[in-house]
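Asks: The structure under discussion is supplied below as structure tokens; questions concerning it will follow.
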Number of protein chains: 4
Amino acid sequence: MRVGRRFDQRGWVMGTSGNFSVVLDRHPLRLAVTPSGTFKGELRADQILEMDERATPIAAGEARVSAEALLHVEVVRAREAGAVLHTHSIWTTILSERHAAAGALFIAGYEMLKGLEGVRTHEHHEAIPIVGNDQDMTRLAGVVRDLLDQHPSAHGFLLRGHGLYTWGTDLQQAVRHVEILEFLMEVVGRSSQLSAVSSQLGSCSE
Amino acid sequence: MRVGRRFDQRGWVMGTSGNFSVVLDRHPLRLAVTPSGTFKGELRADQILEMDERATPIAAGEARVSAEALLHVEVVRAREAGAVLHTHSIWTTILSERHAAAGALFIAGYEMLKGLEGVRTHEHHEAIPIVGNDQDMTRLAGVVRDLLDQHPSAHGFLLRGHGLYTWGTDLQQAVRHVEILEFLMEVVGRSSQLSAVSSQLGSCSE
Amino acid sequence: MRVGRRFDQRGWVMGTSGNFSVVLDRHPLRLAVTPSGTFKGELRADQILEMDERATPIAAGEARVSAEALLHVEVVRAREAGAVLHTHSIWTTILSERHAAAGALFIAGYEMLKGLEGVRTHEHHEAIPIVGNDQDMTRLAGVVRDLLDQHPSAHGFLLRGHGLYTWGTDLQQAVRHVEILEFLMEVVGRSSQLSAVSSQLGSCSE
Amino acid sequence: MRVGRRFDQRGWVMGTSGNFSVVLDRHPLRLAVTPSGTFKGELRADQILEMDERATPIAAGEARVSAEALLHVEVVRAREAGAVLHTHSIWTTILSERHAAAGALFIAGYEMLKGLEGVRTHEHHEAIPIVGNDQDMTRLAGVVRDLLDQHPSAHGFLLRGHGLYTWGTDLQQAVRHVEILEFLMEVVGRSSQLSAVSSQLGSCSE
């Protein structure tokens with residue numbers, strides 16, 4: 001609930017977007033997930049659902065699990081994550097479009113990178129893979145599974161025109177990763193506004 | 001009240017701007033509306049007015065219904081909406097000016113579009129019509145009536161240099177539509193800052 | 001106090017900047033003013049000072065009246081204002097520098113202008129005069145007196161590299177004017193980012 | 001705690017970044033410091049650590065003092081500061097990269113400069129030195145010591161790609177300096193977006 005309010009105030013889960021999950025049990029896999037179509041800044045404890053590895057709610061009821069919950073399951077399996085968070089911010093939406101052709105967003109040189117688990121220096125190079133958005137969640141889950149295999153050291157990934165997925169061994173680490181990656185993407189986005197103007201204009205005025 | 005505070009914190013109803021309505025009854029038409037000239041972040045329940053289809057308050061009193069309430073009536077009739085929300089944000093003001101000549105703002109490819117009622121895929125193309133601002137509210141109500149007729153699938157419209165109107169079957173859906181459309185317009189506005197620089201400069205440096 | 005918190009959350013009175021006054025009596029002139037060097041988001045009622053027309057505190061004590069209080073006195077006299085508010089925002093600082101040579105910032109065509117007292121249409125042209133900043137407050141008060149004389153319909157003015165002064169018949173109207181003018185200046189600032197790029201680049205690529 | 005919440009809301013200490021210290025005693029030197037790896041917006045009093053001049057915690061325990069605490073010690077010694085604050089904002093990160101080659105960021109002409117202790121006029125020229133980031137804190141502490149020696153009138157410094165250090169005789173003054181410097185850097189950053197476009201394009205269209 002607190003996480004929802006925090007991200008809502010920052011404008012990262014507007015209009016009922018975004019979804020969060022926490023692992024309750026691994027054998028068999030059980031996740032607590034946020035229900036589809038709710039404002040994440042106003043969640044109540046009794047709205048949280050419990051689902052299995054096929055993203056099916058354990059208890060019968062009216063609330064729906066988001067179809068994207070299948071992606072949470074892929075992340076939990078591939079990374080042994082304890083919590084998975086998905087946010088929809090202005091800057092992740094913009095940058096996932098602009099860097100889609102490159103297949104990834106590359107970030108290096110910032111101290112803030114050290115907030116990512118296992119990173120010891122600002123000289124670290126982080127590659128955040130970008131995959132095309134898809135409404136077929138089974139197919140997209142397969143793409144995400146391959147992506148997590150091929151980028152074993154990535155701390156998150158972007159869905160094009162959609163938003164960020166990141167995770168952590170527990171909810172607190174996952175929240176930290178969201179804040180670090182959202183911060184870095186805003187820095188990259190605003191810096192490119194400045195440098196596009198000055199560097200490209202250099203060649204123009206010559 | 002909660003909606004007012006929420007939008008106020010996001011800076012979408014500054015300086016007593018914006019107005020909200022909810023349908024109380026359809027035969028005859030009765031709407032609860034926010035009074036003119038109040039800060040929407042500080043509304044009290046006893047300030048909410050009840051008005052009829054001519055935007056005339058039911059109870060005599062000092063508080064005024066905004067002249068724009070006639071536009072709410074048009075939306076309620078054309079869309080069978082249960083709630084109509086009007087916000088004045090920075091980005092809707094800017095984009096309604098910049099795209100006025102085109103008559104509409106076109107948005108496609110973003111996952112966030114799926115938050116609009118009835119939209120099933122990010123490949124959806126949303127056209128948000130833009131009409132000129134007018135202080136003659138009877139005349140403007142006629143323009144809005146035609147616009148709603150001609151764009152039966154639009155989820156909102158922009159008044160030039162003024163702001164956004166959107167709606168929903170109930171207040172929660174209308175709030176979701178405000179957040180979705182405001183989010184998308186900020187994405188479009190900030191993206192055009194980046195692409196104007198890079199694409200147009202491409203031709204410049206050749 | 002509420003006004004201080006509201007403006008503090010919007011980032012308009014950072015680092016103890018800004019000052020507010022309300023007329024208590026006109027004969028002789030008495031104003032309640034915020035003390036110098038306090039965080040406006042954390043004001044307590046017992047910190048508010050009472051001062052006369054020379055900006056001298058009525059009660060002896062340690063707290064200082066800001067030297068800028070002389071400008072509040074000029075506004076109260078010239079406009080018969082009941083409240084004067086001075087904010088230091090990012091956008092008023094930037095625009096007061098950029099438009100200093102023109103002597104004023106011109107704004108027209110926005111519905112939000114109707115929030116300024118006496119304005120009936122978005123076609124209104126508002127000129128916001130800009131004066132050079134000066135640490136000699138007696139001299140600056142004279143400049144402001146002349147400016148208010150020469151621009152009888154202005155709703156506010158800018159001190160270059162410094163911020164906005166606006167006022168109202170009472171505190172609520174003054175708060176509305178702050179929000180309206182700050183909103184419009186952010187619109188103007190962000191629009192000029194977009195149009196500078198696209199219009200000037202037009203001539204560049206030809 | 002209040003300072004942490006305030007800066008957290010402004011987005012200056014995202015993802016457990018940032019650290020704060022207050023001098024408790026000077027002989028021998030004892031500082032209260034925020035622990036490493038905590039969200040600064042959610043600090044509790046019992047999490048604050050006490051450390052000596054080698055940045056070693058006085059009490060044994062699990063919580064770690066950030067390695068950067070050595071820089072706080074350098075500032076306290078060189079400036080006789082009573083409080084040292086380190087923030088990681090979007091704009092300090094961007095500007096510390098862009099002006100790194102110049103070795104400092106120069107700011108002049110803004111009224112807000114008067115919020116810096118000892119500054120009497122907006123005509124003041126403030127130079128904010130920028131040093132390269134380094135994971136070897138002992139070496140970086142030496143660099144900072146020299147920097148503070150060579151710039152006796154600086155009110156803060158930037159670590160490249162990392163953030164801002166500033167201080168004050170007490171915590172309130174240090175908070176004021178953070179807000180002043182963060183404000184000015186946002187003004188400089190946004191202004192350079194506007195002027196890069198218009199001034200450089202001038203030469204382009206000739």
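Convention: chains lettered A, B, ... in structure tokens order; per-chain residue numbering from 1; ligands numbered from 1 as shown.
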Distance limit 6 Å, atoms considered: only C-alpha atoms. Which chain B residues sit that close to chain C? Return them as a ChimeraX atom specification.
Replies: /B:14-15,90,161-162,193,204
Asks: May I have the residues from that selection written out with C-alpha atoms, as a PDB file, in the first residue's frame?
Replies:
ATOM      1  CA  MET B  14      -4.633  25.733 -10.600  1.00  0.00           C
ATOM      2  CA  GLY B  15      -6.114  29.052  -9.556  1.00  0.00           C
ATOM      3  CA  ILE B  90       0.217  22.871 -18.632  1.00  0.00           C
ATOM      4  CA  GLY B 161      -5.609  27.333 -25.024  1.00  0.00           C
ATOM      5  CA  HIS B 162      -7.959  26.104 -22.362  1.00  0.00           C
ATOM      6  CA  GLN B 193      10.785  18.497 -27.729  1.00  0.00           C
ATOM      7  CA  CYS B 204      20.120  20.835 -41.242  1.00  0.00           C
TER       8      CYS B 204
END
Asks: I need the residues in stretch 77-145 of chain B that are helix (DSSP H, G or I) according to DSSP; give them as a tab-separated table (two decimals) with N, CA, C and O atoms, in the first residue's frame.
Replies:
chain	number	residue	atom	x	y	z
B	77	ARG	N	-25.44	14.03	-22.39
B	77	ARG	CA	-26.46	13.60	-23.35
B	77	ARG	C	-25.87	12.76	-24.47
B	77	ARG	O	-26.41	11.72	-24.84
B	78	ALA	N	-24.75	13.21	-25.02
B	78	ALA	CA	-24.20	12.54	-26.21
B	78	ALA	C	-23.58	11.19	-25.87
B	78	ALA	O	-23.59	10.27	-26.69
B	79	ARG	N	-23.01	11.09	-24.67
B	79	ARG	CA	-22.26	9.88	-24.33
B	79	ARG	C	-22.90	9.04	-23.22
B	79	ARG	O	-22.32	8.04	-22.82
B	90	ILE	N	-0.82	22.24	-17.82
B	90	ILE	CA	0.22	22.87	-18.63
B	90	ILE	C	0.26	22.23	-20.02
B	90	ILE	O	0.22	22.91	-21.04
B	91	TRP	N	0.32	20.90	-20.07
B	91	TRP	CA	0.53	20.23	-21.35
B	91	TRP	C	-0.71	20.25	-22.25
B	91	TRP	O	-0.59	20.36	-23.47
B	92	THR	N	-1.91	20.15	-21.67
B	92	THR	CA	-3.09	20.24	-22.54
B	92	THR	C	-3.21	21.65	-23.11
B	92	THR	O	-3.62	21.84	-24.25
B	93	THR	N	-2.83	22.65	-22.32
B	93	THR	CA	-2.86	24.03	-22.81
B	93	THR	C	-1.88	24.20	-23.98
B	93	THR	O	-2.23	24.73	-25.04
B	94	ILE	N	-0.67	23.71	-23.80
B	94	ILE	CA	0.35	23.86	-24.85
B	94	ILE	C	-0.04	23.09	-26.11
B	94	ILE	O	-0.02	23.62	-27.23
B	95	LEU	N	-0.43	21.82	-25.96
B	95	LEU	CA	-0.70	20.99	-27.14
B	95	LEU	C	-1.97	21.42	-27.86
B	95	LEU	O	-2.06	21.30	-29.09
B	96	SER	N	-2.95	21.95	-27.12
B	96	SER	CA	-4.18	22.39	-27.80
B	96	SER	C	-3.88	23.60	-28.69
B	96	SER	O	-4.56	23.82	-29.69
B	97	GLU	N	-2.87	24.39	-28.33
B	97	GLU	CA	-2.44	25.49	-29.20
B	97	GLU	C	-1.67	24.97	-30.41
B	97	GLU	O	-1.92	25.36	-31.55
B	98	ARG	N	-0.72	24.09	-30.14
B	98	ARG	CA	0.18	23.65	-31.21
B	98	ARG	C	-0.49	22.80	-32.28
B	98	ARG	O	-0.04	22.78	-33.42
B	111	GLU	N	0.93	1.77	-24.70
B	111	GLU	CA	0.16	0.85	-23.86
B	111	GLU	C	-0.90	1.59	-23.04
B	111	GLU	O	-1.98	1.10	-22.80
B	112	MET	N	-0.55	2.81	-22.61
B	112	MET	CA	-1.45	3.56	-21.74
B	112	MET	C	-2.81	3.79	-22.40
B	112	MET	O	-3.81	3.98	-21.70
B	113	LEU	N	-2.87	3.74	-23.73
B	113	LEU	CA	-4.15	3.90	-24.43
B	113	LEU	C	-5.17	2.85	-23.98
B	113	LEU	O	-6.38	3.09	-24.02
B	114	LYS	N	-4.67	1.68	-23.57
B	114	LYS	CA	-5.58	0.62	-23.13
B	114	LYS	C	-6.37	0.99	-21.88
B	114	LYS	O	-7.36	0.33	-21.54
B	115	GLY	N	-5.95	2.05	-21.20
B	115	GLY	CA	-6.72	2.53	-20.05
B	115	GLY	C	-8.00	3.26	-20.47
B	115	GLY	O	-8.86	3.52	-19.63
B	137	MET	N	-21.10	30.60	-24.38
B	137	MET	CA	-21.21	29.19	-24.01
B	137	MET	C	-22.33	28.47	-24.74
B	137	MET	O	-22.24	27.27	-24.98
B	138	THR	N	-23.37	29.19	-25.11
B	138	THR	CA	-24.45	28.54	-25.86
B	138	THR	C	-23.93	28.13	-27.24
B	138	THR	O	-24.16	27.01	-27.70
B	139	ARG	N	-23.20	29.05	-27.87
B	139	ARG	CA	-22.61	28.74	-29.18
B	139	ARG	C	-21.60	27.60	-29.05
B	139	ARG	O	-21.60	26.66	-29.85
B	140	LEU	N	-20.74	27.67	-28.02
B	140	LEU	CA	-19.73	26.63	-27.85
B	140	LEU	C	-20.39	25.27	-27.57
B	140	LEU	O	-19.91	24.23	-28.04
B	141	ALA	N	-21.49	25.29	-26.82
B	141	ALA	CA	-22.20	24.03	-26.55
B	141	ALA	C	-22.68	23.40	-27.86
B	141	ALA	O	-22.61	22.17	-28.03
B	142	GLY	N	-23.11	24.23	-28.79
B	142	GLY	CA	-23.52	23.71	-30.10
B	142	GLY	C	-22.35	23.09	-30.85
B	142	GLY	O	-22.46	22.01	-31.44
B	143	VAL	N	-21.21	23.76	-30.81
B	143	VAL	CA	-20.00	23.24	-31.47
B	143	VAL	C	-19.61	21.89	-30.85
B	143	VAL	O	-19.26	20.93	-31.56
B	144	VAL	N	-19.69	21.82	-29.53
B	144	VAL	CA	-19.31	20.57	-28.84
B	144	VAL	C	-20.31	19.46	-29.20
B	144	VAL	O	-19.92	18.30	-29.40
B	145	ARG	N	-21.59	19.80	-29.31
B	145	ARG	CA	-22.60	18.80	-29.68
B	145	ARG	C	-22.26	18.18	-31.05
B	145	ARG	O	-22.25	16.96	-31.20
Asks: Near B:Ala100, within 10 Å and counting only C-alpha atoms, which residues show up once chain neighbours fewer than 5 positions away are dropped, as a VMD selection string?
Replies: chain B and resid 95 105 129 to 132 158 to 161
Asks: Residues near C:Asp170, anyone? I mean within 10 Å using only C-alpha atoms, not counting same-chain ones fewer than 5 positions away, as a PyMOL selection string.
Replies: chain C and resi 22-23+81-84+175
Asks: For the selection you just gave me, I'd like the residues written to a file as an mmCIF file, in the first residue's frame, keeping all heavy atoms.
Replies:
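File written: selection09.cif
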data_model
loop_
_atom_site.group_PDB
_atom_site.id
_atom_site.type_symbol
_atom_site.label_atom_id
_atom_site.label_comp_id
_atom_site.auth_asym_id
_atom_site.auth_seq_id
_atom_site.Cartn_x
_atom_site.Cartn_y
_atom_site.Cartn_z
ATOM 1 N N VAL C 22 -0.713 40.756 4.417
ATOM 2 C CA VAL C 22 -2.163 40.973 4.428
ATOM 3 C C VAL C 22 -2.424 42.282 5.172
ATOM 4 O O VAL C 22 -1.824 42.525 6.235
ATOM 5 C CB VAL C 22 -2.890 39.807 5.135
ATOM 6 C CG1 VAL C 22 -4.368 40.124 5.337
ATOM 7 C CG2 VAL C 22 -2.735 38.517 4.339
ATOM 8 N N VAL C 23 -3.289 43.126 4.616
ATOM 9 C CA VAL C 23 -3.621 44.405 5.253
ATOM 10 C C VAL C 23 -4.522 44.157 6.462
ATOM 11 O O VAL C 23 -5.550 43.480 6.350
ATOM 12 C CB VAL C 23 -4.330 45.339 4.250
ATOM 13 C CG1 VAL C 23 -4.832 46.594 4.960
ATOM 14 C CG2 VAL C 23 -3.391 45.701 3.107
ATOM 15 N N ALA C 81 -4.824 47.022 -2.528
ATOM 16 C CA ALA C 81 -4.825 45.572 -2.340
ATOM 17 C C ALA C 81 -5.024 45.227 -0.869
ATOM 18 O O ALA C 81 -4.644 45.992 0.023
ATOM 19 C CB ALA C 81 -3.500 44.979 -2.833
ATOM 20 N N GLY C 82 -5.622 44.071 -0.632
ATOM 21 C CA GLY C 82 -5.783 43.565 0.731
ATOM 22 C C GLY C 82 -4.733 42.515 1.065
ATOM 23 O O GLY C 82 -4.545 42.169 2.225
ATOM 24 N N ALA C 83 -4.050 42.004 0.039
ATOM 25 C CA ALA C 83 -3.012 40.988 0.249
ATOM 26 C C ALA C 83 -2.015 41.059 -0.896
ATOM 27 O O ALA C 83 -2.406 41.290 -2.047
ATOM 28 C CB ALA C 83 -3.627 39.591 0.313
ATOM 29 N N VAL C 84 -0.737 40.893 -0.574
ATOM 30 C CA VAL C 84 0.337 40.928 -1.575
ATOM 31 C C VAL C 84 1.177 39.667 -1.399
ATOM 32 O O VAL C 84 1.568 39.342 -0.265
ATOM 33 C CB VAL C 84 1.221 42.187 -1.394
ATOM 34 C CG1 VAL C 84 2.306 42.236 -2.480
ATOM 35 C CG2 VAL C 84 0.375 43.454 -1.421
ATOM 36 N N VAL C 175 -3.944 34.598 -3.905
ATOM 37 C CA VAL C 175 -3.479 33.226 -4.145
ATOM 38 C C VAL C 175 -3.877 32.788 -5.550
ATOM 39 O O VAL C 175 -3.083 32.182 -6.281
ATOM 40 C CB VAL C 175 -4.075 32.244 -3.101
ATOM 41 C CG1 VAL C 175 -3.799 30.791 -3.498
ATOM 42 C CG2 VAL C 175 -3.509 32.542 -1.719
#
Asks: If we count only C-alpha atoms, what is near D:Met51 at a cut-off of 9 Å, once residues fewer than 4 positions away on the same chain are taken out, given as JSON, numbers by chain?
Replies: {"D": [29, 30, 31, 32, 33, 55, 56, 57, 58, 59, 65, 69]}
Asks: Out of chain B, which residues get strand (DSSP E) from DSSP, as an mmCIF file with N, CA, C and O atoms, in the first residue's frame?
Replies:
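That gives us out_22.cif:
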data_model
loop_
_atom_site.group_PDB
_atom_site.id
_atom_site.type_symbol
_atom_site.label_atom_id
_atom_site.label_comp_id
_atom_site.auth_asym_id
_atom_site.auth_seq_id
_atom_site.Cartn_x
_atom_site.Cartn_y
_atom_site.Cartn_z
ATOM 1 N N ASN B 19 -13.550 22.124 -13.620
ATOM 2 C CA ASN B 19 -14.841 21.843 -12.991
ATOM 3 C C ASN B 19 -15.244 20.403 -13.259
ATOM 4 O O ASN B 19 -14.852 19.800 -14.251
ATOM 5 N N PHE B 20 -16.009 19.855 -12.296
ATOM 6 C CA PHE B 20 -16.360 18.435 -12.299
ATOM 7 C C PHE B 20 -17.871 18.311 -12.163
ATOM 8 O O PHE B 20 -18.499 19.132 -11.488
ATOM 9 N N SER B 21 -18.454 17.266 -12.766
ATOM 10 C CA SER B 21 -19.875 17.017 -12.545
ATOM 11 C C SER B 21 -20.148 15.521 -12.488
ATOM 12 O O SER B 21 -19.412 14.716 -13.064
ATOM 13 N N VAL B 22 -21.224 15.170 -11.768
ATOM 14 C CA VAL B 22 -21.667 13.777 -11.651
ATOM 15 C C VAL B 22 -23.184 13.774 -11.846
ATOM 16 O O VAL B 22 -23.885 14.619 -11.283
ATOM 17 N N VAL B 23 -23.670 12.827 -12.645
ATOM 18 C CA VAL B 23 -25.115 12.713 -12.885
ATOM 19 C C VAL B 23 -25.794 12.137 -11.645
ATOM 20 O O VAL B 23 -25.389 11.086 -11.134
ATOM 21 N N LEU B 24 -26.850 12.843 -11.169
ATOM 22 C CA LEU B 24 -27.626 12.358 -10.023
ATOM 23 C C LEU B 24 -28.888 11.665 -10.505
ATOM 24 O O LEU B 24 -29.330 10.678 -9.935
ATOM 25 N N ASP B 25 -29.480 12.204 -11.564
ATOM 26 C CA ASP B 25 -30.734 11.665 -12.088
ATOM 27 C C ASP B 25 -30.771 12.010 -13.578
ATOM 28 O O ASP B 25 -30.205 13.021 -13.991
ATOM 29 N N ARG B 26 -31.441 11.172 -14.392
ATOM 30 C CA ARG B 26 -31.489 11.441 -15.835
ATOM 31 C C ARG B 26 -32.849 11.964 -16.299
ATOM 32 O O ARG B 26 -32.940 12.589 -17.342
ATOM 33 N N LEU B 29 -32.983 15.587 -15.928
ATOM 34 C CA LEU B 29 -31.533 15.582 -15.729
ATOM 35 C C LEU B 29 -31.138 16.448 -14.540
ATOM 36 O O LEU B 29 -31.520 17.628 -14.454
ATOM 37 N N ARG B 30 -30.389 15.852 -13.625
ATOM 38 C CA ARG B 30 -29.862 16.575 -12.466
ATOM 39 C C ARG B 30 -28.385 16.217 -12.323
ATOM 40 O O ARG B 30 -28.040 15.031 -12.309
ATOM 41 N N LEU B 31 -27.516 17.265 -12.215
ATOM 42 C CA LEU B 31 -26.086 17.017 -12.024
ATOM 43 C C LEU B 31 -25.581 17.699 -10.757
ATOM 44 O O LEU B 31 -25.992 18.832 -10.456
ATOM 45 N N ALA B 32 -24.707 17.003 -10.047
ATOM 46 C CA ALA B 32 -23.944 17.648 -8.974
ATOM 47 C C ALA B 32 -22.735 18.291 -9.626
ATOM 48 O O ALA B 32 -22.012 17.618 -10.379
ATOM 49 N N VAL B 33 -22.497 19.597 -9.391
ATOM 50 C CA VAL B 33 -21.361 20.281 -10.041
ATOM 51 C C VAL B 33 -20.564 21.084 -9.013
ATOM 52 O O VAL B 33 -21.087 21.516 -7.992
ATOM 53 N N LEU B 49 -22.977 21.953 -5.844
ATOM 54 C CA LEU B 49 -24.301 22.449 -6.258
ATOM 55 C C LEU B 49 -25.054 21.372 -7.041
ATOM 56 O O LEU B 49 -24.441 20.491 -7.634
ATOM 57 N N GLU B 50 -26.389 21.508 -7.065
ATOM 58 C CA GLU B 50 -27.193 20.641 -7.922
ATOM 59 C C GLU B 50 -27.792 21.525 -9.018
ATOM 60 O O GLU B 50 -28.305 22.613 -8.739
ATOM 61 N N MET B 51 -27.698 21.104 -10.259
ATOM 62 C CA MET B 51 -28.200 21.938 -11.362
ATOM 63 C C MET B 51 -29.037 21.096 -12.331
ATOM 64 O O MET B 51 -28.973 19.864 -12.339
ATOM 65 N N ALA B 83 -20.232 10.896 -15.336
ATOM 66 C CA ALA B 83 -19.371 11.915 -14.725
ATOM 67 C C ALA B 83 -18.558 12.595 -15.821
ATOM 68 O O ALA B 83 -18.134 11.932 -16.774
ATOM 69 N N VAL B 84 -18.380 13.909 -15.692
ATOM 70 C CA VAL B 84 -17.623 14.694 -16.664
ATOM 71 C C VAL B 84 -16.580 15.507 -15.896
ATOM 72 O O VAL B 84 -16.908 16.144 -14.896
ATOM 73 N N LEU B 85 -15.335 15.462 -16.371
ATOM 74 C CA LEU B 85 -14.259 16.172 -15.674
ATOM 75 C C LEU B 85 -13.533 17.095 -16.646
ATOM 76 O O LEU B 85 -13.219 16.693 -17.775
ATOM 77 N N HIS B 86 -13.255 18.307 -16.189
ATOM 78 C CA HIS B 86 -12.556 19.293 -17.021
ATOM 79 C C HIS B 86 -11.326 19.770 -16.255
ATOM 80 O O HIS B 86 -11.437 20.288 -15.150
ATOM 81 N N THR B 87 -10.142 19.557 -16.844
ATOM 82 C CA THR B 87 -8.892 19.977 -16.206
ATOM 83 C C THR B 87 -8.134 20.969 -17.100
ATOM 84 O O THR B 87 -8.322 20.984 -18.319
ATOM 85 N N ALA B 104 -7.074 18.239 -34.482
ATOM 86 C CA ALA B 104 -7.078 17.131 -33.530
ATOM 87 C C ALA B 104 -5.643 16.750 -33.184
ATOM 88 O O ALA B 104 -4.704 17.064 -33.918
ATOM 89 N N LEU B 105 -5.510 16.083 -32.033
ATOM 90 C CA LEU B 105 -4.222 15.539 -31.628
ATOM 91 C C LEU B 105 -4.327 14.026 -31.806
ATOM 92 O O LEU B 105 -5.287 13.410 -31.328
ATOM 93 N N PHE B 106 -3.376 13.420 -32.516
ATOM 94 C CA PHE B 106 -3.420 11.981 -32.796
ATOM 95 C C PHE B 106 -2.392 11.255 -31.929
ATOM 96 O O PHE B 106 -1.228 11.664 -31.872
ATOM 97 N N ILE B 107 -2.824 10.201 -31.257
ATOM 98 C CA ILE B 107 -1.931 9.442 -30.378
ATOM 99 C C ILE B 107 -2.090 7.962 -30.683
ATOM 100 O O ILE B 107 -3.215 7.456 -30.744
ATOM 101 N N ALA B 108 -0.951 7.262 -30.860
ATOM 102 C CA ALA B 108 -1.012 5.825 -31.153
ATOM 103 C C ALA B 108 0.235 5.130 -30.643
ATOM 104 O O ALA B 108 1.289 5.755 -30.498
ATOM 105 N N HIS B 125 -5.539 3.854 -32.493
ATOM 106 C CA HIS B 125 -5.294 5.265 -32.833
ATOM 107 C C HIS B 125 -6.365 6.126 -32.187
ATOM 108 O O HIS B 125 -7.546 5.988 -32.531
ATOM 109 N N GLU B 126 -5.978 6.980 -31.284
ATOM 110 C CA GLU B 126 -6.933 7.883 -30.627
ATOM 111 C C GLU B 126 -6.792 9.271 -31.249
ATOM 112 O O GLU B 126 -5.683 9.815 -31.325
ATOM 113 N N ALA B 127 -7.913 9.839 -31.683
ATOM 114 C CA ALA B 127 -7.923 11.225 -32.171
ATOM 115 C C ALA B 127 -8.647 12.059 -31.128
ATOM 116 O O ALA B 127 -9.794 11.763 -30.792
ATOM 117 N N ILE B 128 -7.964 13.071 -30.603
ATOM 118 C CA ILE B 128 -8.576 13.959 -29.614
ATOM 119 C C ILE B 128 -8.891 15.272 -30.331
ATOM 120 O O ILE B 128 -7.986 16.054 -30.625
ATOM 121 N N PRO B 129 -10.177 15.514 -30.642
ATOM 122 C CA PRO B 129 -10.535 16.719 -31.405
ATOM 123 C C PRO B 129 -10.211 17.996 -30.608
ATOM 124 O O PRO B 129 -10.264 17.999 -29.376
ATOM 125 N N ILE B 130 -9.870 19.059 -31.324
ATOM 126 C CA ILE B 130 -9.576 20.362 -30.715
ATOM 127 C C ILE B 130 -10.537 21.393 -31.304
ATOM 128 O O ILE B 130 -10.627 21.528 -32.525
ATOM 129 N N VAL B 131 -11.242 22.116 -30.442
ATOM 130 C CA VAL B 131 -12.116 23.188 -30.951
ATOM 131 C C VAL B 131 -11.642 24.535 -30.401
ATOM 132 O O VAL B 131 -11.009 24.609 -29.346
ATOM 133 N N GLY B 156 -12.378 12.105 -25.345
ATOM 134 C CA GLY B 156 -12.224 13.426 -24.747
ATOM 135 C C GLY B 156 -12.054 14.441 -25.855
ATOM 136 O O GLY B 156 -11.948 14.081 -27.035
ATOM 137 N N PHE B 157 -12.046 15.723 -25.507
ATOM 138 C CA PHE B 157 -11.729 16.755 -26.502
ATOM 139 C C PHE B 157 -10.995 17.894 -25.807
ATOM 140 O O PHE B 157 -11.013 18.001 -24.572
ATOM 141 N N LEU B 158 -10.324 18.717 -26.613
ATOM 142 C CA LEU B 158 -9.567 19.861 -26.093
ATOM 143 C C LEU B 158 -10.216 21.160 -26.541
ATOM 144 O O LEU B 158 -10.619 21.288 -27.696
ATOM 145 N N LEU B 159 -10.296 22.125 -25.618
ATOM 146 C CA LEU B 159 -10.625 23.496 -25.998
ATOM 147 C C LEU B 159 -9.295 24.217 -26.166
ATOM 148 O O LEU B 159 -8.428 24.155 -25.275
ATOM 149 N N GLY B 163 -8.017 23.655 -22.184
ATOM 150 C CA GLY B 163 -7.857 22.437 -21.405
ATOM 151 C C GLY B 163 -8.647 21.273 -21.940
ATOM 152 O O GLY B 163 -9.136 21.308 -23.079
ATOM 153 N N LEU B 164 -8.737 20.240 -21.109
ATOM 154 C CA LEU B 164 -9.290 18.944 -21.506
ATOM 155 C C LEU B 164 -10.670 18.705 -20.911
ATOM 156 O O LEU B 164 -10.918 19.033 -19.751
ATOM 157 N N TYR B 165 -11.568 18.109 -21.709
ATOM 158 C CA TYR B 165 -12.817 17.530 -21.214
ATOM 159 C C TYR B 165 -12.767 16.038 -21.461
ATOM 160 O O TYR B 165 -12.470 15.603 -22.577
ATOM 161 N N THR B 166 -13.070 15.253 -20.428
ATOM 162 C CA THR B 166 -13.239 13.822 -20.626
ATOM 163 C C THR B 166 -14.345 13.359 -19.696
ATOM 164 O O THR B 166 -14.901 14.147 -18.926
ATOM 165 N N TRP B 167 -14.711 12.079 -19.750
ATOM 166 C CA TRP B 167 -15.893 11.605 -19.031
ATOM 167 C C TRP B 167 -15.796 10.099 -18.825
ATOM 168 O O TRP B 167 -14.836 9.463 -19.273
ATOM 169 N N GLY B 168 -16.797 9.543 -18.145
ATOM 170 C CA GLY B 168 -16.849 8.096 -17.940
ATOM 171 C C GLY B 168 -18.233 7.691 -17.494
ATOM 172 O O GLY B 168 -19.063 8.557 -17.186
#
